$ cat work-v5.pdb   # PDB, N, CA and C atoms
MODEL        1
ATOM      1  N   MET A 300      -9.039   7.171  -7.166
ATOM      2  CA  MET A 300     -10.414   7.205  -6.698
ATOM      3  C   MET A 300     -11.038   5.821  -6.769
ATOM      4  N   ALA A 301     -10.675   5.050  -7.801
ATOM      5  CA  ALA A 301     -11.246   3.712  -7.943
ATOM      6  C   ALA A 301     -10.815   2.818  -6.792
ATOM      7  N   ASN A 302      -9.559   2.956  -6.351
ATOM      8  CA  ASN A 302      -9.061   2.154  -5.241
ATOM      9  C   ASN A 302      -9.820   2.493  -3.962
ATOM     10  N   THR A 303     -10.110   3.773  -3.746
ATOM     11  CA  THR A 303     -10.868   4.195  -2.579
ATOM     12  C   THR A 303     -12.271   3.638  -2.633
ATOM     13  N   HIS A 304     -12.868   3.649  -3.816
ATOM     14  CA  HIS A 304     -14.213   3.123  -3.979
ATOM     15  C   HIS A 304     -14.231   1.621  -3.678
ATOM     16  N   ASP A 305     -13.213   0.890  -4.141
ATOM     17  CA  ASP A 305     -13.129  -0.542  -3.874
ATOM     18  C   ASP A 305     -12.973  -0.814  -2.386
ATOM     19  N   SER A 306     -12.151  -0.018  -1.710
ATOM     20  CA  SER A 306     -11.940  -0.192  -0.273
ATOM     21  C   SER A 306     -13.216   0.099   0.497
ATOM     22  N   SER A 307     -13.917   1.159   0.120
ATOM     23  CA  SER A 307     -15.148   1.491   0.831
ATOM     24  C   SER A 307     -16.221   0.447   0.557
ATOM     25  N   LYS A 308     -16.213  -0.132  -0.640
ATOM     26  CA  LYS A 308     -17.179  -1.172  -0.955
ATOM     27  C   LYS A 308     -16.901  -2.418  -0.125
ATOM     28  N   THR A 309     -15.631  -2.774   0.032
ATOM     29  CA  THR A 309     -15.250  -3.921   0.848
ATOM     30  C   THR A 309     -15.622  -3.682   2.301
ATOM     31  N   MET A 310     -15.351  -2.465   2.803
ATOM     32  CA  MET A 310     -15.686  -2.132   4.185
ATOM     33  C   MET A 310     -17.194  -2.170   4.388
ATOM     34  N   SER A 311     -17.937  -1.687   3.430
ATOM     35  CA  SER A 311     -19.388  -1.704   3.513
ATOM     36  C   SER A 311     -19.917  -3.134   3.539
ATOM     37  N   GLN A 312     -19.331  -4.001   2.735
ATOM     38  CA  GLN A 312     -19.749  -5.402   2.725
ATOM     39  C   GLN A 312     -19.435  -6.082   4.055
ATOM     40  N   GLU A 313     -18.275  -5.760   4.644
ATOM     41  CA  GLU A 313     -17.912  -6.329   5.942
ATOM     42  C   GLU A 313     -18.880  -5.879   7.026
ATOM     43  N   MET A 314     -19.199  -4.590   7.029
ATOM     44  CA  MET A 314     -20.128  -4.055   8.026
ATOM     45  C   MET A 314     -21.499  -4.689   7.859
ATOM     46  N   GLN A 315     -21.931  -4.871   6.640
ATOM     47  CA  GLN A 315     -23.221  -5.509   6.387
ATOM     48  C   GLN A 315     -23.200  -6.956   6.862
ATOM     49  N   SER A 316     -22.090  -7.641   6.668
ATOM     50  CA  SER A 316     -21.952  -9.019   7.125
ATOM     51  C   SER A 316     -22.047  -9.103   8.650
ATOM     52  N   ILE A 317     -21.388  -8.170   9.340
ATOM     53  CA  ILE A 317     -21.453  -8.148  10.803
ATOM     54  C   ILE A 317     -22.882  -7.911  11.268
ATOM     55  N   MET A 318     -23.563  -6.978  10.627
ATOM     56  CA  MET A 318     -24.950  -6.688  11.003
ATOM     57  C   MET A 318     -25.856  -7.874  10.714
ATOM     58  N   ASP A 319     -25.628  -8.552   9.601
ATOM     59  CA  ASP A 319     -26.437  -9.733   9.284
ATOM     60  C   ASP A 319     -26.249 -10.830  10.329
ATOM     61  N   ARG A 320     -25.014 -11.030  10.777
ATOM     62  CA  ARG A 320     -24.746 -12.046  11.804
ATOM     63  C   ARG A 320     -25.404 -11.673  13.128
ATOM     64  N   ALA A 321     -25.378 -10.396  13.463
ATOM     65  CA  ALA A 321     -26.020  -9.955  14.698
ATOM     66  C   ALA A 321     -27.529 -10.142  14.607
ATOM     67  N   HIS A 322     -28.104  -9.845  13.441
ATOM     68  CA  HIS A 322     -29.537 -10.082  13.257
ATOM     69  C   HIS A 322     -29.857 -11.575  13.352
ATOM     70  N   ALA A 323     -28.981 -12.409  12.824
ATOM     71  CA  ALA A 323     -29.180 -13.855  12.924
ATOM     72  C   ALA A 323     -29.146 -14.299  14.382
ATOM     73  N   LEU A 324     -28.268 -13.705  15.166
ATOM     74  CA  LEU A 324     -28.197 -14.019  16.595
ATOM     75  C   LEU A 324     -29.476 -13.596  17.304
ATOM     76  N   VAL A 325     -29.988 -12.432  16.959
ATOM     77  CA  VAL A 325     -31.249 -11.960  17.552
ATOM     78  C   VAL A 325     -32.378 -12.909  17.181
ATOM     79  N   ASP A 326     -32.433 -13.313  15.922
ATOM     80  CA  ASP A 326     -33.480 -14.230  15.485
ATOM     81  C   ASP A 326     -33.347 -15.607  16.126
ATOM     82  N   ALA A 327     -32.105 -16.060  16.337
ATOM     83  CA  ALA A 327     -31.884 -17.382  16.918
ATOM     84  C   ALA A 327     -32.328 -17.443  18.372
ATOM     85  N   THR A 328     -32.264 -16.326  19.058
ATOM     86  CA  THR A 328     -32.651 -16.318  20.468
ATOM     87  C   THR A 328     -34.092 -15.858  20.676
ATOM     88  N   SER A 329     -34.866 -15.775  19.626
ATOM     89  CA  SER A 329     -36.232 -15.268  19.749
ATOM     90  C   SER A 329     -37.137 -16.198  20.550
ATOM     91  N   GLY A 330     -36.836 -17.478  20.603
ATOM     92  CA  GLY A 330     -37.682 -18.421  21.327
ATOM     93  C   GLY A 330     -37.312 -18.566  22.792
ATOM     94  N   GLU A 331     -36.264 -17.917  23.238
ATOM     95  CA  GLU A 331     -35.822 -18.037  24.625
ATOM     96  C   GLU A 331     -36.754 -17.259  25.552
ATOM     97  N   LEU A 332     -36.974 -17.796  26.731
ATOM     98  CA  LEU A 332     -37.910 -17.194  27.670
ATOM     99  C   LEU A 332     -37.213 -16.481  28.828
ATOM    100  N   ASP A 333     -35.933 -16.631  28.966
ATOM    101  CA  ASP A 333     -35.186 -16.027  30.060
ATOM    102  C   ASP A 333     -35.204 -14.501  29.924
ATOM    103  N   ASP A 334     -35.412 -13.811  31.040
ATOM    104  CA  ASP A 334     -35.481 -12.345  31.015
ATOM    105  C   ASP A 334     -34.155 -11.711  30.618
ATOM    106  N   ARG A 335     -33.044 -12.310  31.038
ATOM    107  CA  ARG A 335     -31.741 -11.756  30.687
ATOM    108  C   ARG A 335     -31.523 -11.819  29.181
ATOM    109  N   ILE A 336     -31.904 -12.916  28.574
ATOM    110  CA  ILE A 336     -31.751 -13.064  27.120
ATOM    111  C   ILE A 336     -32.663 -12.089  26.394
ATOM    112  N   LYS A 337     -33.885 -11.926  26.910
ATOM    113  CA  LYS A 337     -34.809 -10.985  26.279
ATOM    114  C   LYS A 337     -34.283  -9.556  26.341
ATOM    115  N   SER A 338     -33.744  -9.163  27.492
ATOM    116  CA  SER A 338     -33.239  -7.790  27.611
ATOM    117  C   SER A 338     -31.985  -7.594  26.756
ATOM    118  N   ALA A 339     -31.112  -8.602  26.734
ATOM    119  CA  ALA A 339     -29.909  -8.504  25.891
ATOM    120  C   ALA A 339     -30.296  -8.448  24.424
ATOM    121  N   ARG A 340     -31.278  -9.230  24.059
ATOM    122  CA  ARG A 340     -31.752  -9.255  22.672
ATOM    123  C   ARG A 340     -32.332  -7.900  22.268
ATOM    124  N   ALA A 341     -33.116  -7.305  23.157
ATOM    125  CA  ALA A 341     -33.707  -5.996  22.873
ATOM    126  C   ALA A 341     -32.626  -4.922  22.766
ATOM    127  N   ALA A 342     -31.636  -4.982  23.658
ATOM    128  CA  ALA A 342     -30.551  -3.999  23.610
ATOM    129  C   ALA A 342     -29.742  -4.146  22.321
ATOM    130  N   LEU A 343     -29.459  -5.393  21.919
ATOM    131  CA  LEU A 343     -28.709  -5.620  20.681
ATOM    132  C   LEU A 343     -29.490  -5.129  19.474
ATOM    133  N   LYS A 344     -30.763  -5.372  19.460
ATOM    134  CA  LYS A 344     -31.599  -4.932  18.341
ATOM    135  C   LYS A 344     -31.602  -3.401  18.246
ATOM    136  N   GLU A 345     -31.711  -2.742  19.393
ATOM    137  CA  GLU A 345     -31.713  -1.277  19.419
ATOM    138  C   GLU A 345     -30.368  -0.722  18.943
ATOM    139  N   ARG A 346     -29.291  -1.316  19.392
ATOM    140  CA  ARG A 346     -27.963  -0.857  18.984
ATOM    141  C   ARG A 346     -27.720  -1.106  17.504
ATOM    142  N   LEU A 347     -28.221  -2.203  16.974
ATOM    143  CA  LEU A 347     -28.068  -2.485  15.543
ATOM    144  C   LEU A 347     -28.758  -1.424  14.702
ATOM    145  N   GLU A 348     -29.954  -1.059  15.097
ATOM    146  CA  GLU A 348     -30.684  -0.035  14.350
ATOM    147  C   GLU A 348     -29.958   1.301  14.421
ATOM    148  N   SER A 349     -29.425   1.624  15.583
ATOM    149  CA  SER A 349     -28.671   2.861  15.749
ATOM    150  C   SER A 349     -27.394   2.827  14.912
ATOM    151  N   ALA A 350     -26.721   1.686  14.910
ATOM    152  CA  ALA A 350     -25.465   1.551  14.162
ATOM    153  C   ALA A 350     -25.696   1.672  12.659
ATOM    154  N   LYS A 351     -26.807   1.150  12.184
ATOM    155  CA  LYS A 351     -27.112   1.257  10.754
ATOM    156  C   LYS A 351     -27.206   2.723  10.335
ATOM    157  N   GLY A 352     -27.923   3.508  11.110
ATOM    158  CA  GLY A 352     -28.073   4.924  10.782
ATOM    159  C   GLY A 352     -26.760   5.679  10.877
ATOM    160  N   ASP A 353     -26.026   5.424  11.956
ATOM    161  CA  ASP A 353     -24.745   6.101  12.142
ATOM    162  C   ASP A 353     -23.748   5.715  11.055
ATOM    163  N   TYR A 354     -23.725   4.444  10.693
ATOM    164  CA  TYR A 354     -22.796   3.978   9.662
ATOM    165  C   TYR A 354     -23.115   4.614   8.309
ATOM    166  N   GLY A 355     -24.382   4.714   7.997
ATOM    167  CA  GLY A 355     -24.777   5.337   6.729
ATOM    168  C   GLY A 355     -24.335   6.793   6.657
ATOM    169  N   LYS A 356     -24.520   7.526   7.764
ATOM    170  CA  LYS A 356     -24.098   8.930   7.805
ATOM    171  C   LYS A 356     -22.583   9.042   7.693
ATOM    172  N   LEU A 357     -21.874   8.192   8.422
ATOM    173  CA  LEU A 357     -20.416   8.225   8.407
ATOM    174  C   LEU A 357     -19.866   7.897   7.026
ATOM    175  N   GLU A 358     -20.459   6.906   6.384
ATOM    176  CA  GLU A 358     -20.014   6.526   5.039
ATOM    177  C   GLU A 358     -20.229   7.666   4.052
ATOM    178  N   ALA A 359     -21.371   8.335   4.144
ATOM    179  CA  ALA A 359     -21.651   9.459   3.243
ATOM    180  C   ALA A 359     -20.660  10.603   3.470
ATOM    181  N   GLN A 360     -20.365  10.908   4.739
ATOM    182  CA  GLN A 360     -19.404  11.967   5.046
ATOM    183  C   GLN A 360     -18.016  11.610   4.540
ATOM    184  N   LEU A 361     -17.624  10.362   4.731
ATOM    185  CA  LEU A 361     -16.306   9.923   4.283
ATOM    186  C   LEU A 361     -16.168  10.030   2.768
ATOM    187  N   LEU A 362     -17.180   9.594   2.053
ATOM    188  CA  LEU A 362     -17.123   9.677   0.597
ATOM    189  C   LEU A 362     -17.085  11.125   0.119
ATOM    190  N   ASP A 363     -17.804  12.020   0.806
ATOM    191  CA  ASP A 363     -17.754  13.440   0.450
ATOM    192  C   ASP A 363     -16.355  14.007   0.650
ATOM    193  N   LYS A 364     -15.721  13.646   1.768
ATOM    194  CA  LYS A 364     -14.370  14.138   2.057
ATOM    195  C   LYS A 364     -13.367  13.596   1.039
ATOM    196  N   VAL A 365     -13.515  12.337   0.666
ATOM    197  CA  VAL A 365     -12.602  11.733  -0.314
ATOM    198  C   VAL A 365     -12.757  12.419  -1.674
ATOM    199  N   GLN A 366     -13.985  12.683  -2.059
ATOM    200  CA  GLN A 366     -14.208  13.362  -3.336
ATOM    201  C   GLN A 366     -13.646  14.778  -3.318
ATOM    202  N   ALA A 367     -13.787  15.479  -2.193
ATOM    203  CA  ALA A 367     -13.246  16.831  -2.075
ATOM    204  C   ALA A 367     -11.721  16.807  -2.155
ATOM    205  N   ALA A 368     -11.103  15.834  -1.488
ATOM    206  CA  ALA A 368      -9.640  15.714  -1.547
ATOM    207  C   ALA A 368      -9.183  15.376  -2.960
ATOM    208  N   ASP A 369      -9.916  14.511  -3.640
ATOM    209  CA  ASP A 369      -9.573  14.142  -5.013
ATOM    210  C   ASP A 369      -9.656  15.353  -5.937
ATOM    211  N   GLU A 370     -10.690  16.170  -5.783
ATOM    212  CA  GLU A 370     -10.830  17.375  -6.596
ATOM    213  C   GLU A 370      -9.695  18.354  -6.309
ATOM    214  N   PHE A 371      -9.345  18.514  -5.016
ATOM    215  CA  PHE A 371      -8.271  19.431  -4.648
ATOM    216  C   PHE A 371      -6.948  19.003  -5.265
ATOM    217  N   ILE A 372      -6.687  17.713  -5.234
ATOM    218  CA  ILE A 372      -5.434  17.202  -5.792
ATOM    219  C   ILE A 372      -5.385  17.427  -7.302
ATOM    220  N   HIS A 373      -6.514  17.305  -7.965
ATOM    221  CA  HIS A 373      -6.533  17.531  -9.410
ATOM    222  C   HIS A 373      -6.407  19.019  -9.751
ATOM    223  N   VAL A 374      -6.949  19.880  -8.904
ATOM    224  CA  VAL A 374      -6.886  21.315  -9.163
ATOM    225  C   VAL A 374      -5.509  21.870  -8.831
ATOM    226  N   LYS A 375      -4.939  21.453  -7.692
ATOM    227  CA  LYS A 375      -3.648  21.978  -7.238
ATOM    228  C   LYS A 375      -2.702  20.821  -6.905
ATOM    229  N   PRO A 376      -2.163  20.167  -7.928
ATOM    230  CA  PRO A 376      -1.323  18.991  -7.650
ATOM    231  C   PRO A 376      -0.018  19.328  -6.936
ATOM    232  N   TYR A 377       0.554  20.509  -7.198
ATOM    233  CA  TYR A 377       1.827  20.857  -6.570
ATOM    234  C   TYR A 377       1.668  21.088  -5.074
ATOM    235  N   TYR A 378       0.528  21.590  -4.645
ATOM    236  CA  TYR A 378       0.271  21.738  -3.210
ATOM    237  C   TYR A 378       0.224  20.365  -2.546
ATOM    238  N   ALA A 379      -0.434  19.422  -3.201
ATOM    239  CA  ALA A 379      -0.537  18.069  -2.653
ATOM    240  C   ALA A 379       0.843  17.408  -2.580
ATOM    241  N   ILE A 380       1.640  17.588  -3.627
ATOM    242  CA  ILE A 380       2.986  16.994  -3.640
ATOM    243  C   ILE A 380       3.846  17.632  -2.555
ATOM    244  N   GLY A 381       3.801  18.954  -2.445
ATOM    245  CA  GLY A 381       4.583  19.665  -1.429
ATOM    246  C   GLY A 381       4.152  19.292  -0.018
ATOM    247  N   GLY A 382       2.852  19.220   0.202
ATOM    248  CA  GLY A 382       2.351  18.843   1.522
ATOM    249  C   GLY A 382       2.754  17.434   1.902
ATOM    250  N   THR A 383       2.692  16.536   0.943
ATOM    251  CA  THR A 383       3.101  15.156   1.195
ATOM    252  C   THR A 383       4.587  15.074   1.486
ATOM    253  N   PHE A 384       5.390  15.838   0.749
ATOM    254  CA  PHE A 384       6.834  15.854   0.963
ATOM    255  C   PHE A 384       7.174  16.373   2.356
ATOM    256  N   ILE A 385       6.564  17.483   2.737
ATOM    257  CA  ILE A 385       6.826  18.059   4.061
ATOM    258  C   ILE A 385       6.333  17.118   5.160
ATOM    259  N   GLY A 386       5.168  16.535   4.963
ATOM    260  CA  GLY A 386       4.659  15.565   5.939
ATOM    261  C   GLY A 386       5.590  14.375   6.092
ATOM    262  N   GLY A 387       6.144  13.892   4.986
ATOM    263  CA  GLY A 387       7.099  12.779   5.033
ATOM    264  C   GLY A 387       8.377  13.149   5.753
ATOM    265  N   LEU A 388       8.866  14.375   5.496
ATOM    266  CA  LEU A 388      10.056  14.840   6.198
ATOM    267  C   LEU A 388       9.824  14.916   7.702
ATOM    268  N   LEU A 389       8.700  15.491   8.098
ATOM    269  CA  LEU A 389       8.396  15.595   9.526
ATOM    270  C   LEU A 389       8.223  14.220  10.162
ATOM    271  N   LEU A 390       7.533  13.341   9.491
ATOM    272  CA  LEU A 390       7.338  11.990  10.013
ATOM    273  C   LEU A 390       8.674  11.272  10.160
ATOM    274  N   GLY A 391       9.547  11.403   9.167
ATOM    275  CA  GLY A 391      10.873  10.795   9.239
ATOM    276  C   GLY A 391      11.703  11.379  10.357
ATOM    277  N   TRP A 392      11.597  12.680  10.544
ATOM    278  CA  TRP A 392      12.339  13.332  11.616
ATOM    279  C   TRP A 392      11.859  12.854  12.986
ATOM    280  N   PHE A 393      10.530  12.776  13.182
ATOM    281  CA  PHE A 393       9.994  12.300  14.457
ATOM    282  C   PHE A 393      10.340  10.842  14.716
ATOM    283  N   MET A 394      10.323  10.040  13.685
ATOM    284  CA  MET A 394      10.621   8.616  13.865
ATOM    285  C   MET A 394      12.097   8.358  14.119
ATOM    286  N   SER A 395      12.985   9.244  13.628
ATOM    287  CA  SER A 395      14.420   9.045  13.815
ATOM    288  C   SER A 395      14.888   9.501  15.189
ATOM    289  N   ARG A 396      14.080  10.262  15.890
ATOM    290  CA  ARG A 396      14.436  10.737  17.230
ATOM    291  C   ARG A 396      14.286   9.614  18.230
ATOM    292  N   LYS A 397      15.112   9.646  19.258
ATOM    293  CA  LYS A 397      15.054   8.597  20.276
ATOM    294  C   LYS A 397      14.184   8.977  21.407
TER     295      LYS A 397
ENDMDL
END
$ encode --input "work-v5.pdb" --output "C-alpha cells"
Amino acid sequence: MANTHDSSKTMSQEMQSIMDRAHALVDATSGELDDRIKSARAALKERLESAKGDYGKLEAQLLDKVQAADEFIHVKPYYAIGGTFIGGLLLGWFMSRK
C-alpha cells in the first residue's frame, strides 16, 4: 500500500506541475491583443479548470479501488494468489502463441 501511495503522490505532483506550467502560459500571454491568442487562452483556462475537477474525482476513485483491493487481498489471500497464478498462466499461453 505504501508503494501505491508513493506512486500516486508522484503522479499527483506531476499533474500539478503540468497544470502550473499551463497556468504560467496563460499568465504569460495575458498582455497579448490578438484575438486568436485570446480565444486560445480562454479555451486553455476553461480546460484547465475542467481537468482539475476531473483529476480530483479520478484520483479519489482510484484510491478507493486500491484500498478495496488491498482489503480483499488481506481478507482472502489465497483467492488473490490463485487469481494471479491463473492470470499469469493465461498471459503466458497467449504470449507463446504465434
$ atom_distance --input "work-v5.pdb" --atom1 "atom CA of Val325 of chain A" --atom2 "atom N of Lys356 of chain A"
22.8 Å
$ atom_distance --input "work-v5.pdb" --atom1 "atom CA of Ala341 of chain A" --atom2 "atom C of Leu324 of chain A"
10.3 Å
$ atom_distance --input "work-v5.pdb" --atom1 "atom N of Ala342 of chain A" --atom2 "atom CA of Ala323 of chain A"
14.1 Å
$ closest_residue --input "work-v5.pdb" --among "A:Ile317, A:Leu362, A:Phe371, A:Asp326" --to "Leu347 of chain A" --atoms "only C-alpha atoms"
A:Ile317
$ closest_residue --input "work-v5.pdb" --among "A:Arg346, A:Ala368, A:Arg335, A:Leu390" --to "His322 of chain A" --atoms "only C-alpha atoms"
A:Arg346
